[in-house]
$ cat work01.cif   # mmCIF, C-alpha atoms
data_query
#
loop_
_atom_site.label_atom_id
_atom_site.label_comp_id
_atom_site.auth_asym_id
_atom_site.auth_seq_id
_atom_site.Cartn_x
_atom_site.Cartn_y
_atom_site.Cartn_z
CA MET A 1 1.78 42.01 14.03
CA HIS A 2 2.52 41.95 17.75
CA PRO A 3 3.29 38.44 19.05
CA GLU A 4 0.56 38.63 21.68
CA THR A 5 -1.93 39.49 18.93
CA LEU A 6 -1.09 36.23 17.19
CA VAL A 7 -1.97 34.35 20.36
CA ARG A 8 -5.10 36.37 21.02
CA ASP A 9 -6.53 36.32 17.49
CA HIS A 10 -5.05 33.23 15.84
CA THR A 11 -4.94 30.46 18.46
CA ILE A 12 -6.26 27.21 17.06
CA TYR A 13 -5.72 25.02 20.11
CA ALA A 14 -5.27 25.73 23.82
CA CYS A 15 -5.01 23.40 26.78
CA VAL A 16 -3.98 23.20 30.41
CA MET A 17 -0.81 21.27 31.19
CA GLY A 18 1.31 20.61 34.27
CA SER A 19 0.00 19.13 37.48
CA ARG A 20 -3.64 19.86 36.64
CA ALA A 21 -3.48 17.84 33.42
CA PHE A 22 -1.45 15.09 35.05
CA GLY A 23 -3.98 14.60 37.85
CA LEU A 24 -1.41 15.72 40.42
CA ALA A 25 -2.78 19.16 41.30
CA THR A 26 -2.97 20.29 44.91
CA ASP A 27 -4.36 23.48 46.41
CA GLY A 28 -1.23 25.48 45.56
CA SER A 29 -0.79 24.27 41.98
CA ASP A 30 -0.39 26.80 39.18
CA THR A 31 -2.40 26.65 35.98
CA ASP A 32 0.03 26.10 33.10
CA ARG A 33 -1.50 26.98 29.74
CA ARG A 34 -0.12 25.85 26.39
CA GLY A 35 -1.37 26.58 22.91
CA VAL A 36 -0.85 26.58 19.17
CA PHE A 37 -1.43 29.58 16.92
CA LEU A 38 -1.58 29.77 13.15
CA ALA A 39 0.32 32.79 11.85
CA PRO A 40 -1.47 34.11 8.72
CA THR A 41 0.39 33.01 5.61
CA PRO A 42 1.05 36.55 4.25
CA LEU A 43 3.21 37.25 7.28
CA PHE A 44 5.74 34.73 5.95
CA TRP A 45 6.17 36.76 2.75
CA ARG A 46 7.98 39.47 4.68
CA PHE A 47 11.66 39.55 5.63
CA ASP A 48 10.66 39.55 9.30
CA LYS A 49 8.98 36.20 9.85
CA PRO A 50 6.39 35.47 12.54
CA PRO A 51 7.77 34.12 15.83
CA THR A 52 8.02 30.37 16.28
CA HIS A 53 6.72 30.72 19.85
CA VAL A 54 5.23 33.33 22.15
CA GLU A 55 5.30 33.59 25.92
CA GLY A 56 2.17 35.12 27.44
CA PRO A 57 0.08 37.21 27.49
CA LEU A 58 -1.30 35.34 30.52
CA GLU A 59 0.92 34.14 33.32
CA GLU A 60 2.21 30.61 32.83
CA GLN A 61 1.12 30.70 29.17
CA PHE A 62 3.26 29.54 26.25
CA SER A 63 2.27 29.01 22.61
CA TRP A 64 3.92 27.68 19.47
CA GLU A 65 3.29 28.55 15.84
CA LEU A 66 1.70 25.56 14.12
CA GLU A 67 4.67 24.65 11.91
CA ARG A 68 7.14 24.72 14.80
CA PHE A 69 4.73 22.70 16.93
CA CYS A 70 4.43 20.04 14.23
CA GLU A 71 8.22 19.91 13.75
CA LEU A 72 8.77 19.28 17.45
CA ALA A 73 5.95 16.75 17.65
CA LEU A 74 7.40 14.79 14.73
CA ARG A 75 10.68 14.67 16.65
CA ALA A 76 8.78 13.14 19.59
CA ASN A 77 9.42 16.08 21.89
CA PRO A 78 7.87 14.94 25.19
CA ASN A 79 6.38 18.32 26.14
CA ILE A 80 4.77 18.77 22.73
CA LEU A 81 3.34 15.27 22.51
CA GLU A 82 1.85 15.63 25.96
CA CYS A 83 0.19 18.90 24.93
CA LEU A 84 -1.64 17.03 22.19
CA HIS A 85 -2.97 14.58 24.76
CA SER A 86 -4.03 16.93 27.53
CA PRO A 87 -7.39 15.97 29.02
CA LEU A 88 -8.02 19.67 29.75
CA VAL A 89 -8.68 21.29 26.38
CA GLU A 90 -9.76 24.91 26.75
CA TYR A 91 -10.21 25.78 23.08
CA ALA A 92 -10.03 24.17 19.64
CA ASP A 93 -11.36 25.60 16.39
CA ASP A 94 -11.82 23.53 13.22
CA ILE A 95 -8.08 23.51 12.49
CA GLY A 96 -7.30 22.72 16.11
CA ARG A 97 -9.64 19.75 15.99
CA GLU A 98 -7.88 18.55 12.82
CA LEU A 99 -4.57 18.82 14.66
CA LEU A 100 -5.95 16.73 17.51
CA ALA A 101 -7.18 14.16 14.99
CA LEU A 102 -3.56 13.83 13.85
CA ARG A 103 -2.26 12.89 17.29
CA GLU A 104 -1.45 9.31 16.34
CA ALA A 105 0.47 10.47 13.23
CA PHE A 106 3.10 12.09 15.45
CA LEU A 107 3.76 9.00 17.57
CA SER A 108 6.68 6.70 16.84
CA ARG A 109 9.36 4.62 18.53
CA HIS A 110 11.52 7.75 18.60
CA ALA A 111 9.64 8.48 21.83
CA PHE A 112 11.88 6.00 23.63
CA GLU A 113 14.99 8.02 22.83
CA THR A 114 13.52 11.46 23.45
CA PHE A 115 11.66 10.63 26.65
CA THR A 116 14.51 8.66 28.17
CA ARG A 117 17.16 11.18 27.09
CA TYR A 118 15.20 13.96 28.75
CA ALA A 119 14.67 11.79 31.82
CA LEU A 120 18.37 11.00 32.07
CA GLY A 121 19.26 14.69 32.00
CA GLN A 122 16.73 15.46 34.71
CA ARG A 123 17.89 12.53 36.83
CA LYS A 124 21.48 13.79 36.74
CA LYS A 125 20.25 17.12 38.09
CA LEU A 126 18.42 15.36 40.91
CA GLU A 127 21.52 13.33 41.76
CA ALA A 128 23.55 16.56 41.85
CA ASP A 129 21.04 18.01 44.32
CA VAL A 130 21.40 14.92 46.53
CA ARG A 131 25.16 15.26 46.52
CA ALA A 132 25.02 18.98 47.27
CA HIS A 133 22.08 19.15 49.68
CA GLY A 134 21.38 15.60 50.83
CA ALA A 135 18.01 15.45 49.06
CA PRO A 136 16.59 16.05 45.59
CA ARG A 137 13.97 18.59 44.66
CA TRP A 138 11.09 16.32 45.47
CA LYS A 139 8.59 17.97 43.12
CA HIS A 140 10.97 17.41 40.21
CA ALA A 141 11.52 13.82 41.33
CA MET A 142 7.77 13.26 41.24
CA HIS A 143 7.41 14.68 37.73
CA LEU A 144 10.36 12.69 36.42
CA THR A 145 8.88 9.48 37.78
CA ARG A 146 5.57 10.38 36.17
CA LEU A 147 7.28 10.99 32.83
CA LEU A 148 8.98 7.60 32.96
CA ILE A 149 5.65 5.91 33.69
CA SER A 150 4.13 7.75 30.73
CA ALA A 151 6.98 6.74 28.41
CA ARG A 152 6.84 3.09 29.44
CA ASP A 153 3.08 2.88 28.97
CA LEU A 154 3.26 4.67 25.60
CA LEU A 155 5.80 2.19 24.31
CA ARG A 156 3.82 -0.74 25.66
CA THR A 157 0.40 0.30 24.36
CA GLY A 158 1.00 2.76 21.53
CA HIS A 159 -1.20 5.30 23.30
CA LEU A 160 -0.10 8.32 25.31
CA THR A 161 -2.06 8.91 28.52
CA ILE A 162 -0.83 11.70 30.76
CA ASP A 163 -3.34 11.57 33.64
CA VAL A 164 -1.69 9.41 36.30
CA GLY A 165 -4.96 7.90 37.51
CA ASP A 166 -4.53 5.62 40.50
CA ARG A 167 -0.81 6.44 40.72
CA ARG A 168 -1.65 9.87 42.10
CA GLU A 169 -1.08 9.09 45.79
CA PRO A 170 2.26 7.24 45.38
CA LEU A 171 3.54 10.10 43.24
CA LEU A 172 2.35 12.77 45.66
CA ALA A 173 4.12 10.87 48.43
CA VAL A 174 7.33 11.35 46.42
CA LYS A 175 6.59 15.07 46.12
CA ARG A 176 6.12 15.33 49.89
CA GLY A 177 9.48 13.65 50.47
CA GLU A 178 7.86 10.68 52.19
CA VAL A 179 9.62 8.10 50.01
CA PRO A 180 13.37 7.65 50.68
CA TRP A 181 15.54 8.72 47.76
CA PRO A 182 17.04 5.23 47.24
CA GLU A 183 13.50 3.87 46.75
CA VAL A 184 12.67 6.61 44.27
CA GLU A 185 15.93 5.90 42.42
CA SER A 186 15.07 2.22 42.28
CA TRP A 187 11.60 3.02 40.94
CA MET A 188 13.07 5.25 38.22
CA THR A 189 15.64 2.62 37.24
CA ARG A 190 12.97 -0.06 36.96
CA LEU A 191 10.72 2.18 34.85
CA ALA A 192 13.59 3.03 32.50
CA SER A 193 14.40 -0.67 32.09
CA GLU A 194 10.75 -1.50 31.40
CA ALA A 195 10.58 1.30 28.82
CA GLU A 196 13.65 -0.07 27.05
CA ALA A 197 12.20 -3.57 26.99
CA ALA A 198 8.90 -2.24 25.65
CA SER A 199 10.65 -0.28 22.91
CA HIS A 200 11.80 -3.49 21.19
CA ARG A 201 8.27 -4.81 20.71
CA SER A 202 6.27 -1.59 20.77
CA PRO A 203 3.17 -1.31 18.58
CA LEU A 204 4.34 2.19 17.65
CA PRO A 205 5.64 2.66 14.10
CA THR A 206 9.34 3.16 13.54
CA GLU A 207 8.74 6.64 12.09
CA PRO A 208 5.94 9.18 12.45
CA ASP A 209 3.67 9.91 9.48
CA HIS A 210 5.53 12.93 8.06
CA ARG A 211 3.52 12.99 4.82
CA ARG A 212 0.16 13.15 6.56
CA VAL A 213 1.27 15.97 8.84
CA GLU A 214 2.91 17.90 5.99
CA ASP A 215 -0.21 17.61 3.81
CA PHE A 216 -2.24 19.05 6.69
CA LEU A 217 0.18 21.95 7.14
CA ILE A 218 0.31 22.81 3.42
CA ARG A 219 -3.47 22.77 3.14
CA VAL A 220 -3.84 25.02 6.18
CA ARG A 221 -1.24 27.46 4.83
CA ARG A 222 -2.96 27.63 1.42
CA THR A 223 -6.33 28.29 3.00
CA SER A 224 -4.84 31.01 5.19
CA ALA A 225 -3.24 32.68 2.15
CA LEU A 226 -6.68 33.18 0.65
CA GLN A 227 -8.12 34.90 3.69
CA PRO A 228 -8.30 38.72 3.44
CA ALA A 229 -6.63 40.60 6.27
CA PRO A 230 -5.78 44.27 6.89
CA TYR A 231 -2.01 43.63 7.05
CA ASP A 232 -2.19 42.06 3.58
CA GLU A 233 -3.35 45.23 1.83
CA GLY A 234 0.18 46.28 0.92
CA VAL A 235 0.91 42.95 -0.71
CA GLN A 236 -2.40 42.94 -2.55
CA GLY A 237 -1.78 46.46 -3.79
CA VAL A 238 1.58 45.55 -5.28
CA VAL A 239 0.24 42.45 -6.94
CA GLY A 240 -2.80 44.27 -8.25
CA ALA A 241 -0.80 47.16 -9.69
CA ARG A 242 2.08 45.26 -11.31
CA GLY A 243 0.96 41.70 -11.64
CA VAL A 244 2.78 38.70 -10.32
CA GLY A 245 6.32 38.38 -11.67
CA GLN A 246 6.46 41.93 -13.09
CA ARG A 247 9.09 44.51 -12.04
#
$ encode --input "work01.cif" --output "structure tokens"
Amino acid sequence: MHPETLVRDHTIYACVMGSRAFGLATDGSDTDRRGVFLAPTPLFWRFDKPPTHVEGPLEEQFSWELERFCELALRANPNILECLHSPLVEYADDIGRELLALREAFLSRHAFETFTRYALGQRKKLEADVRAHGAPRWKHAMHLTRLLISARDLLRTGHLTIDVGDRREPLLAVKRGEVPWPEVESWMTRLASEAEAASHRSPLPTEPDHRRVEDFLIRVRRTSALQPAPYDEGVQGVVGARGVGQR
């Protein structure tokens, strides 16, 4: 099965991410689409397994296979967790709605490490730009500041909210280069410190709910295995002719 066919025919959840989801879109903003597809279970019986992710077919579109998506979410991957909390959901079937209902099961205090580790890496890149060019990439500085706000608030409240709300204008001022870099640095440092302080008394659990997520995945896989599909005819023919376990 062609990877793009998996996205076209087996997407269970699709949303808009990036500036539009964050409440930071301007006239020139792209529309970044992210999604989750469920590869039919019989495809995993072959030597060539389904892809864990697919880019396209639309521009700025990227999708993950459900199992890979859940693995990354359980590891508190910032991009994946934010996908689950996008306010701009374009599509969700019954399984997709079950996935959304599991959002809280993926959250844990691991978010402090993953969000701040990612932020630290991005900040080093910005600092390298300042050394080389005298200024950072202001758009990236804005998004890093936004991420740090999101991480701090998640650790404080136990809830992930990605729309920046009334912080839109201060953040856009960073994007336009209207805030001096030392002030942006100071803002980032303060947010990181507040996130660390919040991590010690966060209402988030120490670990995500692996069992709940795994039970969901197993049930979905079993249901998929029972669904007839044209590409399963070869497997059904072998089983029907010889019986399971016969040679």
$ residues_around --input "work01.cif" --residues "stretch 4-15 of chain A" --least-positions-apart "2" --cutoff "9 Å" --atoms "only C-alpha atoms" --output "PDB file with C-alpha atoms, keeping the file's coordinate frame"
ATOM      1  CA  MET A   1       1.780  42.010  14.030  1.00  0.00           C
ATOM      2  CA  HIS A   2       2.520  41.950  17.750  1.00  0.00           C
ATOM      3  CA  MET A  17      -0.810  21.270  31.190  1.00  0.00           C
ATOM      4  CA  ALA A  21      -3.480  17.840  33.420  1.00  0.00           C
ATOM      5  CA  ASP A  32       0.030  26.100  33.100  1.00  0.00           C
ATOM      6  CA  ARG A  33      -1.500  26.980  29.740  1.00  0.00           C
ATOM      7  CA  ARG A  34      -0.120  25.850  26.390  1.00  0.00           C
ATOM      8  CA  GLY A  35      -1.370  26.580  22.910  1.00  0.00           C
ATOM      9  CA  VAL A  36      -0.850  26.580  19.170  1.00  0.00           C
ATOM     10  CA  PHE A  37      -1.430  29.580  16.920  1.00  0.00           C
ATOM     11  CA  LEU A  38      -1.580  29.770  13.150  1.00  0.00           C
ATOM     12  CA  ALA A  39       0.320  32.790  11.850  1.00  0.00           C
ATOM     13  CA  PRO A  40      -1.470  34.110   8.720  1.00  0.00           C
ATOM     14  CA  PRO A  50       6.390  35.470  12.540  1.00  0.00           C
ATOM     15  CA  VAL A  54       5.230  33.330  22.150  1.00  0.00           C
ATOM     16  CA  GLU A  55       5.300  33.590  25.920  1.00  0.00           C
ATOM     17  CA  GLY A  56       2.170  35.120  27.440  1.00  0.00           C
ATOM     18  CA  PRO A  57       0.080  37.210  27.490  1.00  0.00           C
ATOM     19  CA  SER A  63       2.270  29.010  22.610  1.00  0.00           C
ATOM     20  CA  TRP A  64       3.920  27.680  19.470  1.00  0.00           C
ATOM     21  CA  GLU A  65       3.290  28.550  15.840  1.00  0.00           C
ATOM     22  CA  LEU A  66       1.700  25.560  14.120  1.00  0.00           C
ATOM     23  CA  CYS A  83       0.190  18.900  24.930  1.00  0.00           C
ATOM     24  CA  LEU A  84      -1.640  17.030  22.190  1.00  0.00           C
ATOM     25  CA  SER A  86      -4.030  16.930  27.530  1.00  0.00           C
ATOM     26  CA  PRO A  87      -7.390  15.970  29.020  1.00  0.00           C
ATOM     27  CA  LEU A  88      -8.020  19.670  29.750  1.00  0.00           C
ATOM     28  CA  VAL A  89      -8.680  21.290  26.380  1.00  0.00           C
ATOM     29  CA  GLU A  90      -9.760  24.910  26.750  1.00  0.00           C
ATOM     30  CA  TYR A  91     -10.210  25.780  23.080  1.00  0.00           C
ATOM     31  CA  ALA A  92     -10.030  24.170  19.640  1.00  0.00           C
ATOM     32  CA  ASP A  93     -11.360  25.600  16.390  1.00  0.00           C
ATOM     33  CA  ASP A  94     -11.820  23.530  13.220  1.00  0.00           C
ATOM     34  CA  ILE A  95      -8.080  23.510  12.490  1.00  0.00           C
ATOM     35  CA  GLY A  96      -7.300  22.720  16.110  1.00  0.00           C
ATOM     36  CA  ARG A  97      -9.640  19.750  15.990  1.00  0.00           C
ATOM     37  CA  LEU A  99      -4.570  18.820  14.660  1.00  0.00           C
ATOM     38  CA  LEU A 100      -5.950  16.730  17.510  1.00  0.00           C
TER      39      LEU A 100
END
$ resolve_selection --input "work01.cif" --expression "the PyMOL selection byres ((chain A and resi 181) around 12)" --output "list in words"
Arg123, Leu126, Glu127, Asp129, Val130, Arg131, Gly134, Ala135, Pro136, Arg137, Trp138, Ala141, Met142, Ala173, Val174, Lys175, Arg176, Gly177, Glu178, Val179, Pro180, Pro182, Glu183, Val184, Glu185, Ser186, Trp187 and Met188 of chain A
$ closest_residue --input "work01.cif" --among "A:Thr161, A:Ser224, A:Asn79, A:Thr116" --to "A:Leu191" --atoms "only C-alpha atoms"
A:Thr116
$ resolve_selection --input "work01.cif" --expression "the PyMOL selection byres ((chain A and resi 107) around 12)" --output "ChimeraX atom specification"
/A:70,72-78,80-82,84-85,102-106,108-112,114,151,154-155,157-160,202-210,213
$ atom_distance --input "work01.cif" --atom1 "atom CA of A:Glu196" --atom2 "atom CA of A:Lys124"
18.6 Å
$ atom_distance --input "work01.cif" --atom1 "atom CA of A:Phe115" --atom2 "atom CA of A:His53"
21.8 Å
$ closest_residue --input "work01.cif" --among "A:Ala192, A:Ala197, A:Leu226, A:Ile162" --to "A:Ser19" --atoms "all atoms listed in the file"
A:Ile162
$ residues_near_point --input "work01.cif" --point "(0.3, 9.9, 41.2)" --cutoff "12 Å" --atoms "only C-alpha atoms" --output "VMD selection string"
chain A and resid 19 to 26 139 141 to 147 149 to 150 162 to 176
$ atom_distance --input "work01.cif" --atom1 "atom CA of A:Arg68" --atom2 "atom CA of A:Thr41"
14.1 Å
$ closest_residue --input "work01.cif" --among "A:Arg152, A:Arg46, A:Lys125, A:His133" --to "A:Ser193" --atoms "all atoms listed in the file"
A:Arg152
$ resolve_selection --input "work01.cif" --expression "the PyMOL selection byres ((chain A and resi 225) around 12)" --output "JSON, numbers by chain"
{"A": [38, 39, 40, 41, 42, 43, 44, 45, 218, 219, 220, 221, 222, 223, 224, 226, 227, 228, 229, 232, 235, 236]}
$ decode --input "work01.cif" --residues "stretch 170-233 of chain A" --atoms "C-alpha atoms" --output "compact mmCIF listing (two decimals), in the first residue's frame"
# COMPACT_ATOMS: atom_id res chain seq x y z
CA PRO A 170 4.02 40.55 23.06
CA LEU A 171 5.06 37.43 21.17
CA LEU A 172 4.45 38.99 17.76
CA ALA A 173 6.58 41.94 18.88
CA VAL A 174 9.41 39.44 19.40
CA LYS A 175 8.83 38.05 15.91
CA ARG A 176 9.04 41.55 14.42
CA GLY A 177 12.35 42.15 16.20
CA GLU A 178 10.89 44.97 18.28
CA VAL A 179 12.11 43.51 21.59
CA PRO A 180 15.88 43.73 22.21
CA TRP A 181 17.56 40.34 22.34
CA PRO A 182 18.76 40.77 25.97
CA GLU A 183 15.13 41.28 27.02
CA VAL A 184 14.03 38.19 25.12
CA GLU A 185 16.87 36.22 26.72
CA SER A 186 15.80 37.41 30.14
CA TRP A 187 12.19 36.41 29.44
CA MET A 188 13.29 32.93 28.34
CA THR A 189 15.50 32.50 31.41
CA ARG A 190 12.68 33.49 33.73
CA LEU A 191 10.23 31.12 32.03
CA ALA A 192 12.69 28.23 32.28
CA SER A 193 13.21 28.93 35.99
CA GLU A 194 9.46 29.10 36.59
CA ALA A 195 8.99 25.80 34.74
CA GLU A 196 11.63 24.14 36.91
CA ALA A 197 10.00 25.44 40.08
CA ALA A 198 6.60 24.24 38.89
CA SER A 199 7.96 20.78 38.08
CA HIS A 200 8.61 20.06 41.78
CA ARG A 201 4.98 20.56 42.80
CA SER A 202 3.20 19.86 39.52
CA PRO A 203 -0.21 18.18 39.60
CA LEU A 204 0.97 16.00 36.72
CA PRO A 205 1.65 12.33 37.52
CA THR A 206 5.22 11.10 37.62
CA GLU A 207 4.57 8.70 34.74
CA PRO A 208 2.02 8.62 31.92
CA ASP A 209 -0.69 5.95 31.92
CA HIS A 210 1.06 3.37 29.72
CA ARG A 211 -1.48 0.61 30.45
CA ARG A 212 -4.47 2.68 29.40
CA VAL A 213 -2.82 3.72 26.14
CA GLU A 214 -1.61 0.19 25.38
CA ASP A 215 -5.07 -1.29 26.01
CA PHE A 216 -6.48 1.22 23.52
CA LEU A 217 -3.86 0.35 20.91
CA ILE A 218 -4.34 -3.42 21.28
CA ARG A 219 -8.11 -3.12 20.99
CA VAL A 220 -7.82 -0.96 17.88
CA ARG A 221 -5.36 -3.40 16.28
CA ARG A 222 -7.64 -6.39 17.00
CA THR A 223 -10.64 -4.63 15.52
CA SER A 224 -8.65 -3.70 12.43
CA ALA A 225 -7.51 -7.31 11.97
CA LEU A 226 -11.13 -8.37 11.60
CA GLN A 227 -11.93 -5.88 8.88
CA PRO A 228 -11.93 -7.33 5.33
CA ALA A 229 -9.69 -5.55 2.85
CA PRO A 230 -8.55 -6.29 -0.71
CA TYR A 231 -4.86 -6.49 0.24
CA ASP A 232 -5.72 -9.19 2.79
CA GLU A 233 -6.99 -11.69 0.22
